[in-house]
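Here's the structure, in structure tokens; my notes come after.
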Amino acid sequence: MITTAPEPIEAAPATPGGRVWRRFRANKIGMVAMAMVIVLAVVAITFFILDRLGIPFPMDPDATNLERKLLPPNAVNWLGTDNLGRDVLSRLLNGAYISLTVGFVAVFVSLFIGVVVGAVAGYIGKWVDNLIMRAVDALMCFPTFFLILTAVALLGPSIFNIIFVIGLVSWTGTARLVRAEFLTLRESSYVQAARALGQRGWKIIFRHILPNAAAPILVTAVLGVPEAILAEAGLSFLGFGVQPPQATWGNIIADGKTYILDAWWLILFPGLAILLAALSFYLTGDALRQAVETRSERQ
Amino acid sequence: MSKPLLQVRDLCIDFVLEDRTIEAVKGASFELGAGETLAIVGESGSGKSVTALALTRLLPVPPAEIKRGEILFDGQNVLTMDASQLRKLRGGRIAYIFQEPSTSLNPVYTVHSQIAEAVRLHRPDVTDVDAEVVRWLDAVGIVDAAKRMHDYPHQLSGGMQQRVMIAMALACQPDILVADEPTTALDVTIQAQIMELLASLKERFGMAVILITHNFGIVSGFASRVLVMYRGKIVEQGTTAEVLRAPKHPYTRALIDCIPQLGSTEKRLKTIDHAELDAA
């Protein structure tokens with residue numbers, strides 16, 4: 001009989017982040033999804049820089065060539081060309097940074113508002129909490145996408161407006177979550193101890209409570225990115241999004257829908273790109289949630 | 001004789017709930033001199049912790065409400081202090097140690113950063129904060145303090161966590177240390193160590209100590225004066241020796257009788273019959 005040496009047991013990392021990372025690493029789907037997110041981010045940044053430097057790669061995303069329009073995937077245009085003869089691959093790569101920027105910045109905006117509002121409501125409590133949470137309830141009654149659509153229609157469809165409108169209407173979930181965390185944590189012994197030490201209110205909020213609520217906040221943030229990406233794609237598809245000639249995943253599909261029966265590649269590839277991006281973020285967020293949820297872990 | 005450091009006069013604290021009002025403390029009066037040790041003894045809900053928290057107005061308002069009375073610290077009325085005066089009082093003059101050391105330390109920060117926070121808050125003139133942290137950890141008997149200070153609370157045992165809490169409280173150099181059941185969550189041998197530590201630190205740094213406990217056993221060797229609370233009232237106060245030898249109030253007597261005696265032949269431990277006490 002062959003006996004193998006037992007695998008060395010890794011010492012539990014001391015830092016809270018270290019422990020979360022150790023559990024996250026054990027999740028294969030999560031790791032693959034996170035690798036996808038990183039690849040997407042690198043691609044988006046690379047092509048954004050190439051575009052700014054004026055180096056069109058593989059070719060100029062905006063160059064029209066009517067002699068080569070609506071070509072299926074071929075040796076020159078790997079993913080085919082659209083109705084104006086523009087290279088679909090170039091447009092996809094060029095549009096990636098718009099999707100990711102919208103995703104990240106919109107989440108940042110919504111996170112900022114959500115955390116501040118939720119923290120104030122949860123920490124102060126009493127009538128302030130009541131007032132804020134009823135306002136949040138009221139805001140949640142509106143169907144988010146139509147709210148975004150209306151706001152963008154009124155403000156005009158620039159990328160700046162889109163990011164802020166998405167951010168401004170999607171913070172309610174975060175606010176509720178943060179409030180709930182604060183309600184529990186403000187009663188905890190170490191918050192009491194910090195108060196007994198003579199610490200200031202805002203320092204208790206930001207130094208003592210917020211870091212302990214960081215895990216669920218981070219999870220909602222990651223899960224919020226695909227929501228924002230999908231919202232932007234939806235807006236662009238409806239023509240309220242980023243305006244042509246700038247390519248985004250949503251408006252490539254919008255342009256291609258006229259030729260849906262003849263040129264499947266115009267819909268399929270940007271659709272896959274959106275799916276892949278959203279899925280990667282969702283799975284990463286989900287793995288992260290599982291990694292942080294084992295809260296009562298003791299050494 | 002000089003004025004006592006802390007004077008509490010006719011303190012009445014209510015908890016105003018939606019459907020009823022609970023009188024938690026009904027007219028408590030006591031004094032504490034500089035460097036003195038006072039034990040407040042009583043069972044759960046007798047108002048001892050509420051009294052202690054009221055000293056720096058730590059009670060949540062609402063539901064708590066200080067209805068009447070006066071708390072004078074060093075001649076100043078605590079009840080009329082503004083927020084910034086209160087922040088200086090809390091920690092800086094009157095510091096607390098709580099019952100549950102494992103939850104009183106913030107899990108996301110190292111021991112070092114939590115003690116450093118206390119030092120920076122109340123002693124801004126200290127330049128070498130690291131050395132100060134090590135000094136206090138040494139003082140509370142943490143071995144290899146320079147290394148252990150980078151540990152997170154969960155890496156320490158319960159006894160060590162309580163030592164860290166004590167270091168944190170002492171690092172602000174308070175005039176009064178309020179220890180609210182400091183050993184209840186610890187096992188008996190550690191209890192003894194922590195009580196010894198508190199006694200020696202008190203000797204060394206000369207602050208006054210208010211020990212809150214339900215255990216007469218740890219009072220006798222520690223406190224010079226005892227104050228017994230029952231149902232929100234101070235039913236008896238005096239020197240520890242007096243109270244232990246000749247308890248006047250039936251509740252005090254009952255409480256002392258509850259201490260298990262080594263070598264006693266009685267099979268059942270004594271309990272307190274509240275109905276009988278109320279009738280008396």
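Going by the structure tokens order, chains are called A, B, ..., each with residues numbered from 1, while ligands are numbered from 1 in the order shown.
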* Asked: Near chain A, which residues of chain B fall within 9 Å when you count only C-alpha atoms, and what do they look like as number ranges by chain?
  -> B: 53, 56, 58, 84, 86-92, 94-98, 100-110, 118, 121-122, 151-152, 154-155, 168-169, 172
Take the residues from that selection and write them out as a PDB file, in the first residue's frame, keeping C-alpha atoms.
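Generated output (again36.pdb):
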ATOM      1  CA  LEU B  53     -22.784  53.960  31.476  1.00  0.00           C
ATOM      2  CA  THR B  56     -20.308  59.499  30.720  1.00  0.00           C
ATOM      3  CA  LEU B  58     -23.234  56.540  27.081  1.00  0.00           C
ATOM      4  CA  SER B  84     -16.865  67.806  22.601  1.00  0.00           C
ATOM      5  CA  LEU B  86     -18.135  64.466  26.547  1.00  0.00           C
ATOM      6  CA  ARG B  87     -15.657  63.075  24.007  1.00  0.00           C
ATOM      7  CA  LYS B  88     -12.788  64.283  26.184  1.00  0.00           C
ATOM      8  CA  LEU B  89     -14.388  62.818  29.280  1.00  0.00           C
ATOM      9  CA  ARG B  90     -15.029  59.435  27.666  1.00  0.00           C
ATOM     10  CA  GLY B  91     -11.847  57.445  27.518  1.00  0.00           C
ATOM     11  CA  GLY B  92      -9.664  60.370  28.513  1.00  0.00           C
ATOM     12  CA  ILE B  94     -13.304  57.851  32.535  1.00  0.00           C
ATOM     13  CA  ALA B  95     -12.392  54.725  30.586  1.00  0.00           C
ATOM     14  CA  TYR B  96     -14.351  51.497  30.286  1.00  0.00           C
ATOM     15  CA  ILE B  97     -13.637  47.814  30.014  1.00  0.00           C
ATOM     16  CA  PHE B  98     -16.564  45.681  28.966  1.00  0.00           C
ATOM     17  CA  GLU B 100     -17.096  40.458  26.368  1.00  0.00           C
ATOM     18  CA  PRO B 101     -13.506  41.028  25.208  1.00  0.00           C
ATOM     19  CA  SER B 102     -13.939  38.968  22.046  1.00  0.00           C
ATOM     20  CA  THR B 103     -16.553  41.349  20.670  1.00  0.00           C
ATOM     21  CA  SER B 104     -15.262  44.571  22.204  1.00  0.00           C
ATOM     22  CA  LEU B 105     -12.283  44.616  19.864  1.00  0.00           C
ATOM     23  CA  ASN B 106     -12.906  45.499  16.247  1.00  0.00           C
ATOM     24  CA  PRO B 107     -12.195  42.335  14.218  1.00  0.00           C
ATOM     25  CA  VAL B 108     -10.781  44.150  11.188  1.00  0.00           C
ATOM     26  CA  TYR B 109      -7.970  45.989  12.964  1.00  0.00           C
ATOM     27  CA  THR B 110      -4.796  44.793  14.630  1.00  0.00           C
ATOM     28  CA  ALA B 118      -6.894  55.440  21.774  1.00  0.00           C
ATOM     29  CA  LEU B 121      -7.370  60.380  20.524  1.00  0.00           C
ATOM     30  CA  HIS B 122      -6.561  61.405  24.061  1.00  0.00           C
ATOM     31  CA  ASP B 151      -2.029  40.312  15.713  1.00  0.00           C
ATOM     32  CA  TYR B 152      -5.718  40.542  14.984  1.00  0.00           C
ATOM     33  CA  HIS B 154      -9.162  36.587  16.747  1.00  0.00           C
ATOM     34  CA  GLN B 155      -5.575  35.404  17.090  1.00  0.00           C
ATOM     35  CA  MET B 168      -6.488  50.329  25.506  1.00  0.00           C
ATOM     36  CA  ALA B 169      -8.328  51.848  28.454  1.00  0.00           C
ATOM     37  CA  CYS B 172      -5.619  57.102  27.666  1.00  0.00           C
TER      38      CYS B 172
END
* Would you please give, as a PyMOL selection string, all residues of segment 53-223 of chain A that DSSP assigns to helix (DSSP H, G or I) based on the backbone? => chain A and resi 66-68+88-124+126-140+144-155+159-169+172-185+189-196+201-223
Just write the chosen residues, C-alpha atoms, as a short mmCIF file (atom, residue, chain, number, x, y, z; two decimals), in the first residue's frame.
data_model
loop_
_atom_site.label_atom_id
_atom_site.label_comp_id
_atom_site.auth_asym_id
_atom_site.auth_seq_id
_atom_site.Cartn_x
_atom_site.Cartn_y
_atom_site.Cartn_z
CA LEU A 66 -18.98 49.92 -49.24
CA GLU A 67 -17.34 47.42 -51.58
CA ARG A 68 -16.85 45.09 -48.62
CA VAL A 88 -17.03 44.06 -36.71
CA LEU A 89 -14.06 42.79 -34.66
CA SER A 90 -12.49 46.25 -34.56
CA ARG A 91 -15.79 47.79 -33.53
CA LEU A 92 -16.31 45.20 -30.82
CA LEU A 93 -12.87 45.70 -29.35
CA ASN A 94 -13.21 49.44 -29.60
CA GLY A 95 -16.60 49.36 -27.88
CA ALA A 96 -15.40 47.22 -24.99
CA TYR A 97 -14.10 50.12 -22.97
CA ILE A 98 -17.44 51.93 -23.20
CA SER A 99 -19.27 48.98 -21.73
CA LEU A 100 -16.76 48.46 -18.96
CA THR A 101 -16.41 52.16 -18.17
CA VAL A 102 -20.16 52.51 -17.92
CA GLY A 103 -20.26 49.40 -15.75
CA PHE A 104 -17.56 50.49 -13.33
CA VAL A 105 -18.24 54.21 -13.07
CA ALA A 106 -22.00 53.79 -12.75
CA VAL A 107 -21.46 51.27 -9.96
CA PHE A 108 -19.06 53.65 -8.27
CA VAL A 109 -21.63 56.44 -8.39
CA SER A 110 -24.41 54.22 -7.07
CA LEU A 111 -22.12 52.77 -4.41
CA PHE A 112 -21.15 56.21 -3.18
CA ILE A 113 -24.73 57.42 -2.86
CA GLY A 114 -25.97 54.09 -1.49
CA VAL A 115 -23.29 53.85 1.20
CA VAL A 116 -23.69 57.42 2.40
CA VAL A 117 -27.49 57.31 2.47
CA GLY A 118 -27.59 53.84 4.03
CA ALA A 119 -24.94 54.70 6.63
CA VAL A 120 -26.74 57.86 7.70
CA ALA A 121 -30.10 56.10 7.92
CA GLY A 122 -28.70 53.10 9.77
CA TYR A 123 -26.44 54.96 12.17
CA ILE A 124 -28.71 57.84 13.14
CA LYS A 126 -35.09 57.31 14.48
CA TRP A 127 -37.07 59.65 12.20
CA VAL A 128 -34.10 60.22 9.87
CA ASP A 129 -34.06 56.52 9.09
CA ASN A 130 -37.81 56.49 8.57
CA LEU A 131 -37.73 59.46 6.23
CA ILE A 132 -34.84 58.13 4.13
CA MET A 133 -36.13 54.60 3.87
CA ARG A 134 -39.63 55.70 2.82
CA ALA A 135 -38.02 57.83 0.11
CA VAL A 136 -36.01 54.79 -0.99
CA ASP A 137 -39.18 52.72 -1.07
CA ALA A 138 -40.84 55.34 -3.23
CA LEU A 139 -37.88 55.39 -5.60
CA MET A 140 -37.91 51.62 -5.82
CA THR A 144 -35.53 51.30 -13.16
CA PHE A 145 -35.01 50.91 -16.88
CA PHE A 146 -37.83 53.27 -17.82
CA LEU A 147 -36.56 55.78 -15.31
CA ILE A 148 -33.16 55.64 -16.98
CA LEU A 149 -34.75 55.87 -20.41
CA THR A 150 -36.79 58.92 -19.47
CA ALA A 151 -33.88 60.68 -17.81
CA VAL A 152 -31.54 60.05 -20.74
CA ALA A 153 -34.22 61.17 -23.20
CA LEU A 154 -34.54 64.43 -21.29
CA LEU A 155 -30.84 65.03 -20.66
CA ILE A 159 -21.85 58.76 -22.24
CA PHE A 160 -21.47 61.03 -19.21
CA ASN A 161 -25.23 61.34 -18.81
CA ILE A 162 -25.73 57.61 -19.23
CA ILE A 163 -23.23 56.75 -16.53
CA PHE A 164 -24.67 59.18 -14.04
CA VAL A 165 -28.27 58.37 -14.73
CA ILE A 166 -27.62 54.64 -14.32
CA GLY A 167 -25.70 55.37 -11.13
CA LEU A 168 -28.35 57.73 -9.79
CA VAL A 169 -31.23 55.29 -10.12
CA THR A 172 -31.43 52.01 -3.61
CA GLY A 173 -30.48 48.37 -3.16
CA THR A 174 -27.06 49.31 -1.82
CA ALA A 175 -28.60 51.84 0.56
CA ARG A 176 -30.93 49.21 2.00
CA LEU A 177 -28.13 46.73 2.42
CA VAL A 178 -25.80 49.25 4.07
CA ARG A 179 -28.56 50.41 6.38
CA ALA A 180 -29.29 46.85 7.48
CA GLU A 181 -25.60 46.23 8.17
CA PHE A 182 -25.32 49.46 10.14
CA LEU A 183 -28.38 48.66 12.22
CA THR A 184 -26.72 45.47 13.44
CA LEU A 185 -23.17 46.76 13.69
CA SER A 189 -19.65 45.82 21.46
CA TYR A 190 -16.73 47.32 19.60
CA VAL A 191 -18.84 50.24 18.42
CA GLN A 192 -19.95 50.72 22.00
CA ALA A 193 -16.30 50.50 23.04
CA ALA A 194 -15.31 53.10 20.44
CA ARG A 195 -18.04 55.39 21.76
CA ALA A 196 -16.81 54.81 25.30
CA GLY A 201 -19.55 59.89 15.25
CA TRP A 202 -18.25 60.05 11.70
CA LYS A 203 -15.08 58.23 12.67
CA ILE A 204 -17.16 55.47 14.22
CA ILE A 205 -19.14 55.25 10.99
CA PHE A 206 -16.17 55.16 8.64
CA ARG A 207 -13.46 53.56 10.74
CA HIS A 208 -15.35 51.09 12.85
CA ILE A 209 -18.59 50.19 11.13
CA LEU A 210 -17.99 50.54 7.39
CA PRO A 211 -14.96 48.19 7.15
CA ASN A 212 -17.00 45.52 8.89
CA ALA A 213 -19.74 45.94 6.31
CA ALA A 214 -17.26 45.96 3.42
CA ALA A 215 -17.78 42.37 2.36
CA PRO A 216 -21.48 42.53 1.42
CA ILE A 217 -20.96 45.99 -0.09
CA LEU A 218 -18.17 44.67 -2.31
CA VAL A 219 -20.38 41.81 -3.44
CA THR A 220 -23.25 44.10 -4.45
CA ALA A 221 -20.77 46.32 -6.24
CA VAL A 222 -19.43 43.47 -8.36
CA LEU A 223 -22.95 42.22 -9.04
#
* Asked: What is the atom CA of Arg163 of chain B-atom CA of Val140 of chain B distance in Å, reported with one decimal?
  ->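 Going from atom CA of Arg163 of chain B over to atom CA of Val140 of chain B covers 5.8 Å.
Residue nearest Asp74 of chain B within the list B:Gln7, B:Gln193, B:Ser220, B:Ser157: B:Gln7 [criterion: smallest interatomic distance, only C-alpha atoms].
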* To do: One decimal, Å: what's the distance from atom CA of Thr81 of chain A over to atom CA of Val37 of chain A, could you say?
  => 26.5 Å
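Between Met207 of chain B and the candidates B:Val219, B:Ala24, B:Met160, B:Leu177, the tightest atom-to-atom separation, counting only C-alpha atoms, involves B:Leu177.
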* Asked: Counting only C-alpha atoms, which of A:Met59, A:Ala273, A:Leu283, A:Val39 gets nearest to Asn77 of chain A?
  -> A:Met59
* Name all residues at most 10 Å from segment 244-257 of chain B (count only C-alpha atoms; drop same-chain ones fewer than 6 positions away) and give them as a PyMOL selection string. => chain B and resi 41-43+214-217+219-220+226-230+235-238+269-274+276-278+280
* Asked: Quick one, how far is atom CA of Leu32 of chain B from atom CA of Leu5 of chain B?
  ->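 Taking atom CA of Leu32 of chain B as the start and atom CA of Leu5 of chain B as the end point, the length is 5.9 Å.
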* Contacts of Asp51 of chain A at 10 Å (only C-alpha atoms; same-chain gap of 6+ positions) as number ranges by chain -> A: 45, 57, 60-61, 94
* To do: Pick out the closest residue to Leu59 of chain B from this set: B:Leu79, B:Ala116, B:Ile190, B:Val143. Count only C-alpha atoms.
  => B:Leu79
* Name all residues at most 10 Å from segment 146-150 of chain B (count only C-alpha atoms; drop same-chain ones fewer than 2 positions away) and give them as a PyMOL selection string. => (chain A and resi 14) or (chain B and resi 109-115+130-131+133-135+137-138+142-144+152-153+155-156+164)
Please write the residues from the selection above to a file, keeping C-alpha atoms, as a compact mmCIF listing (two decimals), in the first residue's frame.
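The resulting out_8.txt:
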# COMPACT_ATOMS: atom_id res chain seq x y z
CA ALA A 14 -4.53 36.61 9.66
CA TYR B 109 -7.97 45.99 12.96
CA THR B 110 -4.80 44.79 14.63
CA VAL B 111 -4.29 45.23 18.34
CA HIS B 112 -1.70 47.87 17.56
CA SER B 113 -3.99 50.05 15.52
CA GLN B 114 -6.75 49.93 18.12
CA ILE B 115 -4.52 50.96 21.02
CA ASP B 130 4.37 52.61 18.58
CA ALA B 131 6.57 52.69 21.66
CA VAL B 133 1.53 50.83 22.44
CA VAL B 134 4.31 48.41 23.32
CA ARG B 135 4.68 49.99 26.73
CA LEU B 137 0.91 45.94 26.21
CA ASP B 138 3.93 45.18 28.35
CA ILE B 142 1.41 40.56 27.02
CA VAL B 143 4.58 38.63 26.34
CA ASP B 144 6.55 39.69 23.26
CA TYR B 152 -5.72 40.54 14.98
CA PRO B 153 -8.13 40.07 17.90
CA GLN B 155 -5.57 35.40 17.09
CA LEU B 156 -5.61 36.08 20.82
CA VAL B 164 -5.62 44.32 25.34
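Residues lying within 12 Å of Glu36 of chain B, counting only C-alpha atoms and ignoring same-chain neighbours fewer than 2 positions away, are Pro4, Leu5, Leu6, Glu31, Leu32, Gly33, Ala34, Leu38, Ala39, Asp175, Ile176, Leu177, Val178, Ala199, Lys202, Glu203, Phe205, Gly206, Met207, Ala208, Val209, Ile210, Leu211, Phe222, Ala223, Ser224, Arg225, Val226 and Thr239 of chain B.
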Just-selected residues, C-alpha atoms written as a compact mmCIF listing (two decimals), in the first residue's frame:
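And here's selection-v5.txt as it stands now:
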# COMPACT_ATOMS: atom_id res chain seq x y z
CA PRO B 4 -14.33 63.63 45.81
CA LEU B 5 -13.46 63.02 42.16
CA LEU B 6 -16.90 61.78 41.29
CA GLU B 31 -19.09 59.25 45.79
CA LEU B 32 -15.71 58.13 44.57
CA GLY B 33 -12.42 59.64 45.65
CA ALA B 34 -9.29 59.76 43.49
CA LEU B 38 -15.52 50.90 44.52
CA ALA B 39 -17.41 47.75 43.70
CA ASP B 175 -8.72 59.07 36.30
CA ILE B 176 -11.40 56.43 36.65
CA LEU B 177 -11.44 52.96 35.13
CA VAL B 178 -14.89 51.42 34.94
CA ALA B 199 -5.20 45.28 41.25
CA LYS B 202 -4.32 50.21 40.07
CA GLU B 203 -1.48 50.16 42.56
CA PHE B 205 -0.92 53.97 38.13
CA GLY B 206 -3.17 55.11 40.95
CA MET B 207 -6.41 55.55 39.09
CA ALA B 208 -9.76 55.03 40.74
CA VAL B 209 -11.58 51.87 39.77
CA ILE B 210 -15.28 51.10 39.65
CA LEU B 211 -15.77 47.36 39.47
CA PHE B 222 -10.18 43.97 45.47
CA ALA B 223 -12.45 46.83 46.44
CA SER B 224 -12.23 49.05 49.48
CA ARG B 225 -15.87 50.03 49.32
CA VAL B 226 -18.98 48.20 48.17
CA THR B 239 -16.49 49.44 53.33
